[in-house]
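Trainee: Just so it is clear, I am handing over query19.txt, which has compact mmCIF, C-alpha atoms and all ligand atoms.
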# COMPACT_ATOMS: atom_id res chain seq x y z
CA MET E 1 -41.78 -11.35 -41.14
CA THR E 2 -39.49 -11.21 -38.09
CA ALA E 3 -41.59 -8.51 -36.49
CA MET E 4 -44.81 -10.43 -37.11
CA THR E 5 -43.42 -13.57 -35.58
CA LEU E 6 -42.00 -11.88 -32.52
CA ASP E 7 -45.22 -9.94 -32.00
CA ALA E 8 -46.92 -13.25 -31.23
CA LEU E 9 -44.69 -14.26 -28.30
CA PRO E 10 -45.56 -13.42 -24.69
CA THR E 11 -43.04 -11.09 -23.05
CA PRO E 12 -40.49 -11.11 -21.57
CA ALA E 13 -39.08 -14.00 -23.59
CA LEU E 14 -35.54 -15.23 -24.14
CA LEU E 15 -34.61 -15.30 -27.82
CA LEU E 16 -31.86 -17.44 -29.34
CA ASP E 17 -30.33 -16.70 -32.73
CA LEU E 18 -29.57 -20.14 -34.12
CA ALA E 19 -27.30 -19.02 -36.94
CA ARG E 20 -25.05 -17.15 -34.50
CA VAL E 21 -24.94 -20.09 -32.11
CA ARG E 22 -23.97 -22.45 -34.93
CA ARG E 23 -21.25 -20.05 -36.05
CA ASN E 24 -19.88 -19.66 -32.49
CA ALA E 25 -19.91 -23.44 -31.95
CA GLY E 26 -18.12 -24.08 -35.24
CA ARG E 27 -15.41 -21.51 -34.57
CA MET E 28 -14.62 -22.87 -31.10
CA SER E 29 -14.56 -26.45 -32.34
CA GLU E 30 -12.16 -25.39 -35.07
CA LEU E 31 -9.93 -23.65 -32.52
CA ALA E 32 -9.87 -26.79 -30.34
CA ARG E 33 -9.15 -29.03 -33.33
CA ALA E 34 -6.27 -26.81 -34.46
CA ALA E 35 -4.87 -26.77 -30.89
CA ASP E 36 -5.33 -30.55 -30.56
CA VAL E 37 -7.31 -30.29 -27.32
CA ALA E 38 -10.62 -31.94 -26.53
CA LEU E 39 -13.42 -29.41 -26.19
CA ARG E 40 -15.56 -30.04 -23.10
CA PRO E 41 -17.81 -26.96 -23.17
CA HIS E 42 -19.24 -25.60 -19.95
CA ALA E 43 -22.96 -26.20 -20.39
CA LYS E 44 -23.93 -23.95 -17.47
CA THR E 45 -24.02 -21.20 -20.11
CA HIS E 46 -27.16 -22.69 -21.69
CA LYS E 47 -28.40 -25.65 -19.54
CA CYS E 48 -30.10 -26.89 -22.69
CA VAL E 49 -30.00 -30.36 -24.24
CA GLU E 50 -30.50 -29.16 -27.82
CA LEU E 51 -27.59 -26.73 -27.52
CA ALA E 52 -25.38 -29.45 -26.03
CA ARG E 53 -26.25 -31.64 -29.04
CA LEU E 54 -25.30 -28.84 -31.36
CA GLN E 55 -21.93 -28.51 -29.56
CA VAL E 56 -21.24 -32.25 -29.75
CA GLU E 57 -22.22 -32.35 -33.43
CA ALA E 58 -19.71 -29.54 -33.98
CA GLY E 59 -16.99 -31.64 -32.32
CA ALA E 60 -17.20 -31.34 -28.51
CA HIS E 61 -16.22 -34.35 -26.36
CA GLY E 62 -18.22 -34.48 -23.13
CA LEU E 63 -19.66 -31.57 -21.21
CA THR E 64 -18.86 -29.56 -18.11
CA VAL E 65 -21.76 -28.85 -15.73
CA SER E 66 -22.25 -26.60 -12.72
CA THR E 67 -25.27 -28.21 -11.02
CA LEU E 68 -26.60 -31.69 -10.36
CA ALA E 69 -29.80 -30.63 -12.13
CA GLU E 70 -27.75 -30.07 -15.30
CA ALA E 71 -25.98 -33.41 -14.79
CA ARG E 72 -29.32 -35.22 -14.50
CA ALA E 73 -30.88 -33.48 -17.50
CA PHE E 74 -27.88 -34.03 -19.78
CA GLY E 75 -27.45 -37.59 -18.49
CA ALA E 76 -31.10 -38.39 -19.22
CA ALA E 77 -30.57 -37.09 -22.76
CA GLY E 78 -27.67 -39.49 -23.30
CA PHE E 79 -24.67 -37.31 -22.40
CA CYS E 80 -22.79 -39.70 -20.14
CA ASP E 81 -19.36 -38.05 -19.91
CA LEU E 82 -19.71 -35.05 -17.61
CA THR E 83 -17.47 -33.04 -15.29
CA TYR E 84 -19.12 -31.27 -12.38
CA ALA E 85 -16.80 -28.25 -12.12
CA VAL E 86 -17.96 -26.78 -8.82
CA PRO E 87 -16.18 -28.24 -5.76
CA VAL E 88 -18.20 -31.23 -4.60
CA GLU E 89 -19.36 -31.27 -0.96
CA PRO E 90 -20.68 -34.11 1.23
CA GLY E 91 -24.37 -33.20 0.75
CA LYS E 92 -24.00 -34.12 -2.94
CA PHE E 93 -22.11 -37.43 -2.63
CA ALA E 94 -25.23 -39.63 -2.70
CA GLU E 95 -26.52 -38.06 -5.91
CA VAL E 96 -23.09 -38.22 -7.58
CA ILE E 97 -22.97 -41.95 -6.81
CA ARG E 98 -26.59 -42.48 -7.90
CA LEU E 99 -25.81 -40.84 -11.26
CA HIS E 100 -22.83 -43.18 -11.71
CA GLU E 101 -25.01 -46.16 -10.91
CA ALA E 102 -27.42 -44.92 -13.60
CA GLY E 103 -24.57 -45.04 -16.14
CA ILE E 104 -23.62 -41.35 -16.12
CA CYS E 105 -19.91 -40.80 -15.52
CA LEU E 106 -19.82 -37.57 -13.51
CA GLY E 107 -16.28 -36.43 -12.69
CA VAL E 108 -15.96 -34.22 -9.63
CA VAL E 109 -13.59 -31.50 -8.49
CA THR E 110 -12.05 -30.79 -5.11
CA ALA E 111 -8.92 -29.52 -3.39
CA ASP E 112 -9.78 -30.93 0.02
CA PRO E 113 -8.50 -34.24 1.44
CA GLU E 114 -11.46 -34.55 3.84
CA VAL E 115 -13.86 -34.34 0.90
CA VAL E 116 -11.86 -37.04 -0.88
CA GLU E 117 -12.01 -39.29 2.17
CA GLY E 118 -15.75 -38.74 2.61
CA LEU E 119 -16.43 -39.46 -1.06
CA ARG E 120 -14.23 -42.57 -0.92
CA ARG E 121 -16.23 -43.90 2.03
CA ALA E 122 -19.55 -43.02 0.34
CA ALA E 123 -18.52 -44.74 -2.91
CA ALA E 124 -16.97 -47.80 -1.24
CA GLY E 125 -20.28 -49.69 -0.87
CA SER E 126 -21.23 -49.49 -4.53
CA GLY E 127 -17.64 -49.51 -5.80
CA VAL E 128 -18.24 -46.74 -8.35
CA ALA E 129 -15.00 -45.30 -9.75
CA VAL E 130 -15.83 -41.61 -9.45
CA PRO E 131 -13.20 -39.59 -11.38
CA VAL E 132 -11.76 -36.90 -9.09
CA HIS E 133 -9.98 -33.83 -10.46
CA VAL E 134 -7.83 -31.69 -8.20
CA GLU E 135 -8.61 -28.04 -8.68
CA ILE E 136 -5.64 -25.71 -9.15
CA ASP E 137 -5.78 -21.97 -8.59
CA CYS E 138 -4.06 -20.25 -11.52
CA GLY E 139 -4.57 -16.75 -10.07
CA ASP E 140 -8.35 -16.41 -9.93
CA ALA E 141 -8.15 -16.86 -6.12
CA ARG E 142 -11.64 -18.41 -5.90
CA THR E 143 -11.06 -22.12 -5.22
CA GLY E 144 -8.25 -24.66 -5.56
CA LEU E 145 -4.64 -25.08 -4.47
CA ALA E 146 -1.79 -23.05 -5.91
CA PRO E 147 0.30 -25.23 -8.25
CA ASP E 148 3.29 -24.98 -5.88
CA ASP E 149 1.24 -25.62 -2.74
CA PRO E 150 3.08 -28.33 -0.79
CA ASP E 151 -0.27 -30.13 -0.28
CA ALA E 152 -0.98 -30.46 -4.02
CA ILE E 153 1.15 -33.51 -4.87
CA PRO E 154 0.26 -35.46 -1.69
CA LEU E 155 -3.45 -34.83 -2.37
CA CYS E 156 -3.18 -36.20 -5.92
CA GLN E 157 -1.18 -39.21 -4.67
CA HIS E 158 -3.81 -39.81 -1.99
CA ILE E 159 -6.64 -39.78 -4.55
CA ALA E 160 -4.68 -42.13 -6.82
CA ASN E 161 -4.70 -44.65 -3.93
CA ALA E 162 -8.23 -43.98 -2.68
CA LEU E 163 -10.10 -46.83 -4.41
CA PRO E 164 -12.79 -46.98 -5.69
CA LEU E 165 -12.17 -43.33 -6.60
CA ARG E 166 -10.04 -42.60 -9.65
CA PHE E 167 -7.56 -39.72 -9.89
CA ALA E 168 -8.60 -38.08 -13.17
CA GLY E 169 -6.20 -35.14 -13.32
CA LEU E 170 -5.95 -31.39 -12.83
CA LEU E 171 -8.43 -28.65 -13.61
CA THR E 172 -8.10 -24.86 -13.47
CA HIS E 173 -10.18 -21.84 -14.52
CA ALA E 174 -8.86 -18.33 -15.18
CA GLY E 175 -12.01 -16.46 -14.18
CA HIS E 176 -9.89 -13.35 -13.62
CA SER E 177 -9.48 -13.12 -17.42
CA TYR E 178 -12.70 -11.05 -17.32
CA ASP E 179 -10.66 -8.27 -15.64
CA ALA E 180 -8.24 -8.08 -18.57
CA GLN E 181 -9.33 -5.85 -21.42
CA GLU E 182 -5.86 -5.71 -23.00
CA PRO E 183 -5.40 -8.61 -25.44
CA ALA E 184 -1.76 -8.98 -24.32
CA ALA E 185 -2.90 -9.37 -20.71
CA ARG E 186 -5.27 -12.18 -21.73
CA VAL E 187 -2.44 -13.91 -23.58
CA ARG E 188 -0.38 -13.77 -20.36
CA LEU E 189 -3.26 -15.07 -18.22
CA ALA E 190 -3.86 -17.92 -20.67
CA GLU E 191 -0.20 -18.89 -20.38
CA ASP E 192 -0.36 -18.69 -16.55
CA GLU E 193 -3.47 -20.88 -16.68
CA ARG E 194 -1.73 -23.46 -18.89
CA LEU E 195 1.50 -23.52 -16.88
CA ALA E 196 -0.33 -23.85 -13.55
CA VAL E 197 -1.64 -27.29 -14.50
CA VAL E 198 0.96 -28.47 -17.02
CA SER E 199 3.89 -27.89 -14.63
CA LEU E 200 2.16 -29.75 -11.81
CA ALA E 201 1.12 -32.58 -14.14
CA GLU E 202 4.77 -33.02 -15.14
CA ARG E 203 5.90 -33.20 -11.51
CA LEU E 204 3.20 -35.75 -10.73
CA ARG E 205 4.17 -37.94 -13.66
CA GLN E 206 7.82 -37.79 -12.54
CA ASP E 207 6.56 -39.09 -9.17
CA GLY E 208 4.80 -41.96 -10.92
CA VAL E 209 1.22 -40.58 -10.72
CA PRO E 210 -0.55 -40.85 -14.10
CA VAL E 211 -2.42 -37.65 -15.06
CA ASP E 212 -5.00 -38.16 -17.80
CA VAL E 213 -6.79 -34.84 -17.74
CA VAL E 214 -5.09 -31.43 -17.85
CA SER E 215 -8.05 -29.09 -18.15
CA VAL E 216 -8.16 -25.30 -18.65
CA GLY E 217 -10.82 -22.91 -19.66
CA SER E 218 -12.52 -19.61 -19.71
CA THR E 219 -13.75 -18.11 -22.98
CA PRO E 220 -11.30 -15.15 -22.87
CA THR E 221 -8.22 -17.32 -22.18
CA VAL E 222 -9.11 -20.12 -24.58
CA LYS E 223 -9.54 -17.54 -27.34
CA ALA E 224 -6.27 -15.78 -26.37
CA ALA E 225 -3.99 -18.75 -25.70
CA ALA E 226 -0.75 -18.81 -27.68
CA SER E 227 -0.08 -22.44 -26.68
CA PHE E 228 -1.99 -25.46 -25.41
CA ALA E 229 1.14 -27.62 -25.04
CA GLY E 230 0.49 -30.23 -22.36
CA VAL E 231 -3.20 -29.36 -22.07
CA THR E 232 -5.67 -32.17 -22.85
CA GLU E 233 -9.00 -30.34 -22.70
CA ALA E 234 -10.57 -26.87 -22.73
CA ARG E 235 -13.81 -25.91 -20.98
CA PRO E 236 -15.01 -22.58 -22.37
CA GLY E 237 -18.72 -21.93 -21.85
CA ASN E 238 -19.82 -18.42 -22.68
CA TYR E 239 -18.41 -18.45 -26.24
CA LEU E 240 -21.49 -20.30 -27.51
CA LEU E 241 -23.91 -17.49 -26.73
CA SER E 242 -21.50 -14.56 -26.21
CA ASP E 243 -22.72 -11.28 -24.76
CA LEU E 244 -21.92 -7.60 -24.31
CA PHE E 245 -19.27 -8.38 -21.68
CA GLN E 246 -17.33 -10.46 -24.24
CA ALA E 247 -17.94 -7.89 -26.97
CA THR E 248 -16.66 -5.05 -24.76
CA LEU E 249 -13.61 -7.14 -23.79
CA GLY E 250 -13.01 -7.65 -27.50
CA THR E 251 -13.31 -11.46 -27.39
CA CYS E 252 -16.25 -11.44 -29.83
CA ASP E 253 -18.16 -8.99 -32.02
CA VAL E 254 -21.55 -7.59 -31.06
CA ASP E 255 -23.04 -9.53 -33.95
CA ASP E 256 -21.82 -12.79 -32.39
CA CYS E 257 -24.15 -12.26 -29.41
CA ALA E 258 -26.83 -14.92 -29.77
CA VAL E 259 -29.25 -14.19 -26.94
CA SER E 260 -31.54 -11.24 -26.38
CA VAL E 261 -34.67 -10.68 -24.35
CA LEU E 262 -37.89 -9.77 -26.12
CA ALA E 263 -39.64 -7.10 -24.05
CA ALA E 264 -42.75 -4.95 -24.27
CA VAL E 265 -43.00 -1.27 -23.38
CA VAL E 266 -45.23 -0.84 -20.32
CA ASP E 267 -44.77 2.88 -19.74
CA CYS E 268 -43.58 5.86 -21.78
CA SER E 269 -43.17 9.32 -20.21
CA ARG E 270 -42.30 12.55 -21.96
CA THR E 271 -41.89 14.22 -18.55
CA ARG E 272 -39.24 11.75 -17.46
CA ARG E 273 -38.06 11.14 -21.05
CA SER E 274 -38.18 7.46 -20.15
CA VAL E 275 -39.50 4.21 -21.56
CA VAL E 276 -40.09 1.31 -19.18
CA LEU E 277 -39.92 -2.31 -20.35
CA ASP E 278 -41.44 -5.44 -18.81
CA ALA E 279 -37.90 -6.89 -18.64
CA GLY E 280 -36.31 -6.02 -15.32
CA ALA E 281 -33.75 -7.66 -13.08
CA ILE E 282 -35.27 -11.14 -13.20
CA ALA E 283 -35.53 -11.18 -16.99
CA LEU E 284 -32.14 -9.62 -17.77
CA SER E 285 -30.12 -10.27 -14.55
CA LYS E 286 -28.50 -7.52 -12.56
CA ASP E 287 -25.04 -8.14 -13.96
CA ARG E 288 -23.44 -4.86 -15.03
CA GLY E 289 -20.74 -6.77 -16.89
CA PRO E 290 -18.71 -4.31 -18.93
CA VAL E 291 -19.50 -1.17 -16.88
CA ARG E 292 -15.81 -0.68 -16.02
CA TRP E 293 -15.04 -0.03 -19.66
CA ASP E 294 -18.38 1.28 -20.85
CA ALA E 295 -19.92 3.67 -18.33
CA ARG E 296 -23.20 3.69 -20.33
CA ALA E 297 -23.47 -0.12 -20.39
CA GLY E 298 -26.37 -0.26 -17.93
CA TYR E 299 -28.19 -3.61 -18.12
CA GLY E 300 -28.25 -4.07 -21.87
CA ARG E 301 -28.67 -2.46 -25.28
CA VAL E 302 -32.10 -1.86 -26.78
CA LEU E 303 -32.56 -3.24 -30.30
CA ASP E 304 -35.53 -3.24 -32.64
CA LEU E 305 -37.15 -6.57 -33.54
CA ASP E 306 -34.75 -7.04 -36.43
CA GLY E 307 -31.78 -6.62 -34.11
CA VAL E 308 -30.83 -3.05 -35.06
CA ASP E 309 -29.30 -1.10 -32.14
CA LEU E 310 -31.55 1.88 -31.31
CA GLY E 311 -28.72 3.57 -29.38
CA LEU E 312 -30.71 3.22 -26.13
CA ARG E 313 -29.62 1.40 -22.96
CA VAL E 314 -31.53 -0.13 -20.04
CA ALA E 315 -30.18 2.28 -17.43
CA ASN E 316 -31.84 0.87 -14.34
CA VAL E 317 -33.69 -2.29 -13.30
CA SER E 318 -36.00 -3.27 -10.50
CA GLN E 319 -37.56 -6.71 -10.30
CA GLU E 320 -39.98 -6.39 -13.23
CA HIS E 321 -39.09 -2.94 -14.64
CA GLY E 322 -36.32 -2.09 -17.07
CA GLU E 323 -35.94 1.69 -17.35
CA VAL E 324 -34.61 3.28 -20.51
CA ARG E 325 -33.70 6.90 -19.80
CA ASP E 326 -32.80 10.03 -21.80
CA VAL E 327 -34.95 8.76 -24.66
CA PRO E 328 -34.92 11.07 -27.73
CA ASP E 329 -38.27 12.40 -29.05
CA ARG E 330 -38.26 10.16 -32.10
CA TRP E 331 -38.31 7.09 -29.88
CA LEU E 332 -40.81 8.53 -27.41
CA ASP E 333 -43.21 8.75 -30.36
CA VAL E 334 -42.69 5.09 -31.27
CA LEU E 335 -42.00 3.23 -28.03
CA ARG E 336 -45.54 3.47 -26.69
CA PRO E 337 -47.08 0.83 -24.38
CA GLY E 338 -47.31 -2.47 -26.25
CA ALA E 339 -44.39 -1.71 -28.57
CA ARG E 340 -41.76 -4.43 -28.59
CA VAL E 341 -37.99 -4.34 -28.51
CA ARG E 342 -35.13 -6.75 -27.89
CA VAL E 343 -32.51 -6.25 -25.17
CA LEU E 344 -29.00 -7.50 -25.85
CA VAL E 345 -27.69 -8.62 -22.48
CA ASN E 346 -24.46 -8.10 -20.54
CA HIS E 347 -23.94 -11.64 -19.25
CA ALA E 348 -25.72 -14.36 -21.19
CA CYS E 349 -25.15 -17.17 -18.64
CA LEU E 350 -26.92 -15.26 -15.87
CA THR E 351 -29.76 -14.12 -18.11
CA VAL E 352 -30.36 -17.65 -19.41
CA ALA E 353 -30.50 -19.03 -15.86
CA GLN E 354 -33.52 -16.79 -15.18
CA HIS E 355 -35.64 -18.24 -18.00
CA ASP E 356 -37.43 -21.56 -18.54
CA ALA E 357 -36.85 -21.78 -22.28
CA PHE E 358 -35.08 -20.41 -25.33
CA HIS E 359 -37.35 -19.18 -28.12
CA VAL E 360 -35.32 -20.24 -31.11
CA LEU E 361 -35.08 -17.94 -34.12
CA ASP E 362 -33.83 -19.35 -37.41
CA ASP E 363 -33.51 -16.81 -40.17
CA GLY E 364 -35.69 -14.45 -38.14
CA GLN E 365 -38.49 -17.01 -37.75
CA PHE E 366 -39.60 -18.43 -34.41
CA VAL E 367 -39.00 -22.15 -35.00
CA ASP E 368 -38.83 -23.89 -31.62
CA ARG E 369 -38.85 -23.67 -27.85
CA TRP E 370 -35.95 -25.37 -26.03
CA THR E 371 -36.11 -26.08 -22.28
CA ILE E 372 -33.52 -24.59 -19.93
CA HIS E 373 -32.77 -26.94 -17.01
CA ARG E 374 -32.64 -24.44 -14.18
CA GLY E 375 -32.32 -24.98 -10.44
CA TRP E 376 -29.71 -26.90 -8.52
CA HIS E 377 -30.96 -30.28 -7.35
C1 LIG E 401 -14.77 -24.04 -13.43
C2 LIG E 401 -15.19 -23.32 -14.68
N1 LIG E 401 -14.76 -23.77 -15.86
C3 LIG E 401 -15.11 -23.18 -17.03
C4 LIG E 401 -15.91 -22.06 -17.03
C5 LIG E 401 -16.28 -21.43 -18.36
O1 LIG E 401 -15.85 -20.10 -18.44
P1 LIG E 401 -16.44 -19.12 -19.56
O2 LIG E 401 -17.88 -19.02 -19.36
O3 LIG E 401 -15.68 -17.85 -19.38
O4 LIG E 401 -16.13 -19.73 -20.87
C6 LIG E 401 -16.38 -21.55 -15.82
C7 LIG E 401 -17.22 -20.35 -15.78
O5 LIG E 401 -17.54 -19.78 -14.79
C8 LIG E 401 -16.01 -22.19 -14.61
O6 LIG E 401 -16.42 -21.76 -13.41
Represent the structure contained in this file as structure tokens.
Mentor:
Amino acid sequence: MTAMTLDALPTPALLLDLARVRRNAGRMSELARAADVALRPHAKTHKCVELARLQVEAGAHGLTVSTLAEARAFGAAGFCDLTYAVPVEPGKFAEVIRLHEAGICLGVVTADPEVVEGLRRAAAGSGVAVPVHVEIDCGDARTGLAPDDPDAIPLCQHIANALPLRFAGLLTHAGHSYDAQEPAARVRLAEDERLAVVSLAERLRQDGVPVDVVSVGSTPTVKAAASFAGVTEARPGNYLLSDLFQATLGTCDVDDCAVSVLAAVVDCSRTRRSVVLDAGAIALSKDRGPVRWDARAGYGRVLDLDGVDLGLRVANVSQEHGEVRDVPDRWLDVLRPGARVRVLVNHACLTVAQHDAFHVLDDGQFVDRWTIHRGWH
């Protein structure tokens, strides 16, 4: 039945295993409930209204977004409590304010006093109370101020007085947790992540600055954290779909991975011992994810239509070609042009962002097509 259904879809196509997604959503909501933190999942992982609904039904409070296109799509679907967790810049002020005027509360993130001043001036006319989070660098070294940066407290105090803006709190992201394969190292990074914001929040409160939001989150650290004391919300994203990067890190099992790409064989060569799929770099992404720990990782694992691992890997990609190499005879006999396989991907967020829709599988049946709100603006 599965094979028949999947044979009818055009390829390449992004497949979503609904049972796995529901299980992943339920587990994370349970973790957040037990830790007494609000779950504000990062929706950049899926960019999909139906998946956001599923997360909220499982217990999430609000969403995190990474583009204004996501903010608009989720806002239009009735999700009005959003945090835009990429530093905001002046070219986006007008749209942030417009979204507020349309009833969508879109919190922003910055670590720059000039950005705060520009946003304050832009918001002054309409008087919208844009919530501003100060971004703290807990060791990822991408964006934000170190928690002990002498500019951190004055910046928060400045925002607290920069009406109509509202100082919302502190936000940090331990993206470097993806470099830590040892569980004990992830526990340490999760504690660094927590302390970076909790310690600063305490100092701010001592100085009379109220701090509502103390926000942490990456899937590996949220799953590893020994304590959430002082944290108010967690923003994991990838956990919902999971992927081979997480599975290789040990933060999920391979059978938690909920997205794969349906692909057709376009070439099969005994001379090269290769099979070429119509899923290349723009269907799978070029993320090599777990290659540090799995030299054979390539660009994904090849599964049959029922999800059984054939032991083959996509070894190389060009734009529209996915090359499977060193293919044993038994597969060269079967994987002829037109044959179909599924590719389990390294980094689900990047793969999803290349597709227009999820093809939803429930109990192996193709049941629906859910739009992915791609793009930036
Ligand atoms: C600011 C921010 N918060 C949260 C997340 C979610 O992290 P993950 O996908 O590891 O759960 C990300 C991911 O890149 C992020 O950039």
Trainee: Contacts of Asp192 (chain E) at 8 Å or less, counting only C-alpha atoms, minus same-chain residues fewer than 3 places along, as a ChimeraX atom specification?
Mentor: /E:138-139,188-189,195-196
Trainee: Compare E:Asp356, E:Asp333, E:Asp81, E:Glu193 by their minimum atom-to-atom distance to ligand LIG 401 (chain E), counting all atoms listed in the file, and give me the closest one.
Mentor: E:Glu193
Trainee: Would you kindly return, as a compact mmCIF listing (two decimals) with C-alpha atoms, in the frame of the given file, each protein, DNA or RNA residue with an atom no farther than 12 Å from any atom of Arg342 (chain E), considering all atoms listed in the file and excluding same-chain residues fewer than 6 positions away?
Mentor:
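What landed in out-v7.txt:
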# COMPACT_ATOMS: atom_id res chain seq x y z
CA THR E 2 -39.49 -11.21 -38.09
CA ALA E 3 -41.59 -8.51 -36.49
CA LEU E 6 -42.00 -11.88 -32.52
CA ASP E 7 -45.22 -9.94 -32.00
CA THR E 11 -43.04 -11.09 -23.05
CA PRO E 12 -40.49 -11.11 -21.57
CA ALA E 13 -39.08 -14.00 -23.59
CA LEU E 14 -35.54 -15.23 -24.14
CA LEU E 15 -34.61 -15.30 -27.82
CA LEU E 16 -31.86 -17.44 -29.34
CA ALA E 258 -26.83 -14.92 -29.77
CA VAL E 259 -29.25 -14.19 -26.94
CA SER E 260 -31.54 -11.24 -26.38
CA VAL E 261 -34.67 -10.68 -24.35
CA LEU E 262 -37.89 -9.77 -26.12
CA ALA E 263 -39.64 -7.10 -24.05
CA ALA E 264 -42.75 -4.95 -24.27
CA VAL E 265 -43.00 -1.27 -23.38
CA LEU E 277 -39.92 -2.31 -20.35
CA ASP E 278 -41.44 -5.44 -18.81
CA ALA E 279 -37.90 -6.89 -18.64
CA ALA E 283 -35.53 -11.18 -16.99
CA LEU E 284 -32.14 -9.62 -17.77
CA GLY E 300 -28.25 -4.07 -21.87
CA ARG E 301 -28.67 -2.46 -25.28
CA VAL E 302 -32.10 -1.86 -26.78
CA LEU E 303 -32.56 -3.24 -30.30
CA ASP E 304 -35.53 -3.24 -32.64
CA LEU E 305 -37.15 -6.57 -33.54
CA ASP E 306 -34.75 -7.04 -36.43
CA GLY E 307 -31.78 -6.62 -34.11
CA VAL E 308 -30.83 -3.05 -35.06
CA ASP E 309 -29.30 -1.10 -32.14
CA LEU E 310 -31.55 1.88 -31.31
CA LEU E 312 -30.71 3.22 -26.13
CA ARG E 313 -29.62 1.40 -22.96
CA VAL E 314 -31.53 -0.13 -20.04
CA GLY E 322 -36.32 -2.09 -17.07
Trainee: Sorted by chain and rising residue number, which residues of chain E lie within 7 Å of ligand LIG 401 (chain E), and what are their closest atom pairs and distances in Å to one decimal, counting only C-alpha atoms and all ligand atoms, as a Markdown table?
Mentor:
| residue | atom | partner | partner_atom | distance |
| --- | --- | --- | --- | --- |
| E:His42 | CA | E:LIG401 | C5 | 5.4 |
| E:Thr45 | CA | E:LIG401 | O2 | 6.6 |
| E:Ala85 | CA | E:LIG401 | C1 | 4.9 |
| E:Val86 | CA | E:LIG401 | C1 | 6.2 |
| E:Thr172 | CA | E:LIG401 | C1 | 6.7 |
| E:His173 | CA | E:LIG401 | N1 | 5.1 |
| E:Gly175 | CA | E:LIG401 | O5 | 6.5 |
| E:Gly217 | CA | E:LIG401 | C3 | 5.0 |
| E:Ser218 | CA | E:LIG401 | O1 | 3.6 |
| E:Thr219 | CA | E:LIG401 | O4 | 3.6 |
| E:Pro220 | CA | E:LIG401 | O3 | 6.2 |
| E:Arg235 | CA | E:LIG401 | C3 | 5.0 |
| E:Pro236 | CA | E:LIG401 | O4 | 3.4 |
| E:Gly237 | CA | E:LIG401 | O4 | 3.5 |
| E:Asn238 | CA | E:LIG401 | O2 | 3.9 |
| E:Tyr239 | CA | E:LIG401 | O4 | 6.0 |
Trainee: Restricting the calculation to all atoms listed in the file: of E:Val198, E:Phe167, E:Ala94, E:Asp329, which residue gets closest to Ala124 (chain E)?
Mentor: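 Going through E:Val198, E:Phe167, E:Ala94, E:Asp329 one by one, the smallest distance to Ala124 (chain E) is for E:Ala94.
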Trainee: Quick one, how far is CA of His176 (chain E) from CA of Thr248 (chain E)?
Mentor: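 That distance, rounded to one decimal, is 15.5 Å.
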Trainee: Residues near Lys47 (chain E), anyone? I mean within 8 Å using all atoms listed in the file, not counting same-chain ones fewer than 6 positions away, as a PyMOL selection string.
Mentor: chain E and resi 70+353+372-374
Trainee: Could you save the residues just selected, with C-alpha atoms, as a PDB file, keeping the file's coordinate frame?
Mentor:
ATOM      1  CA  GLU E  70     -27.750 -30.070 -15.300  1.00  0.00           C
ATOM      2  CA  ALA E 353     -30.500 -19.030 -15.860  1.00  0.00           C
ATOM      3  CA  ILE E 372     -33.520 -24.590 -19.930  1.00  0.00           C
ATOM      4  CA  HIS E 373     -32.770 -26.940 -17.010  1.00  0.00           C
ATOM      5  CA  ARG E 374     -32.640 -24.440 -14.180  1.00  0.00           C
TER       6      ARG E 374
END
Trainee: To one decimal place in Å, what is the distance between CA of Asp17 (chain E) and CA of Asp326 (chain E)?
Mentor: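 Between these atoms lies a distance of 29.0 Å.
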Trainee: To one decimal in Å, tell me the separation between CA of Val317 (chain E) and CA of Cys268 (chain E).
Mentor: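 A separation of 15.4 Å between them.
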Trainee: So which one's closest to Val254 (chain E), E:Leu344, E:Val108, E:Ala25, E:Leu9? Using all atoms listed in the file, please.
Mentor: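 Of all the options, E:Leu344 lies closest to Val254 (chain E).
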Trainee: Which residue out of E:Thr83, E:Asn346, E:Gln354, E:Asn316 has the minimum interatomic distance to Leu241 (chain E) when all atoms listed in the file are used?
Mentor: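 Residue with the minimum atom-to-atom distance to Leu241 (chain E): E:Asn346.
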Trainee: As a ChimeraX atom specification, please: the residues near Gly127 (chain E) (cut-off 9 Å, all atoms listed in the file, same-chain neighbours under 6 positions excluded).
Mentor: /E:163-165
Trainee: Compare E:Leu204, E:Val352, E:Ala297, E:Ile104 by their minimum atom-to-atom distance to Ser285 (chain E), counting all atoms listed in the file, and give me the closest one.
Mentor: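 Going through E:Leu204, E:Val352, E:Ala297, E:Ile104 one by one, the smallest distance to Ser285 (chain E) is for E:Val352.
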Trainee: May I ask which of the residues E:Ala77, E:Val222, E:Val88, E:Ala315 is the closest one to Arg296 (chain E), counting all atoms listed in the file?
Mentor: E:Ala315
Trainee: Give me the residues near Cys156 (chain E) as a list in words, where near means some atom within 9 Å (using all atoms listed in the file) and where sequence neighbours in that chain fewer than 2 positions away do not count.
Mentor: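 In the requested form, the answer reads His133, Val134, Asp151, Ala152, Ile153, Pro154, His158, Ile159, Ala160, Asn161, Phe167, Gly169, Leu170, Leu204 and Val209 of chain E.
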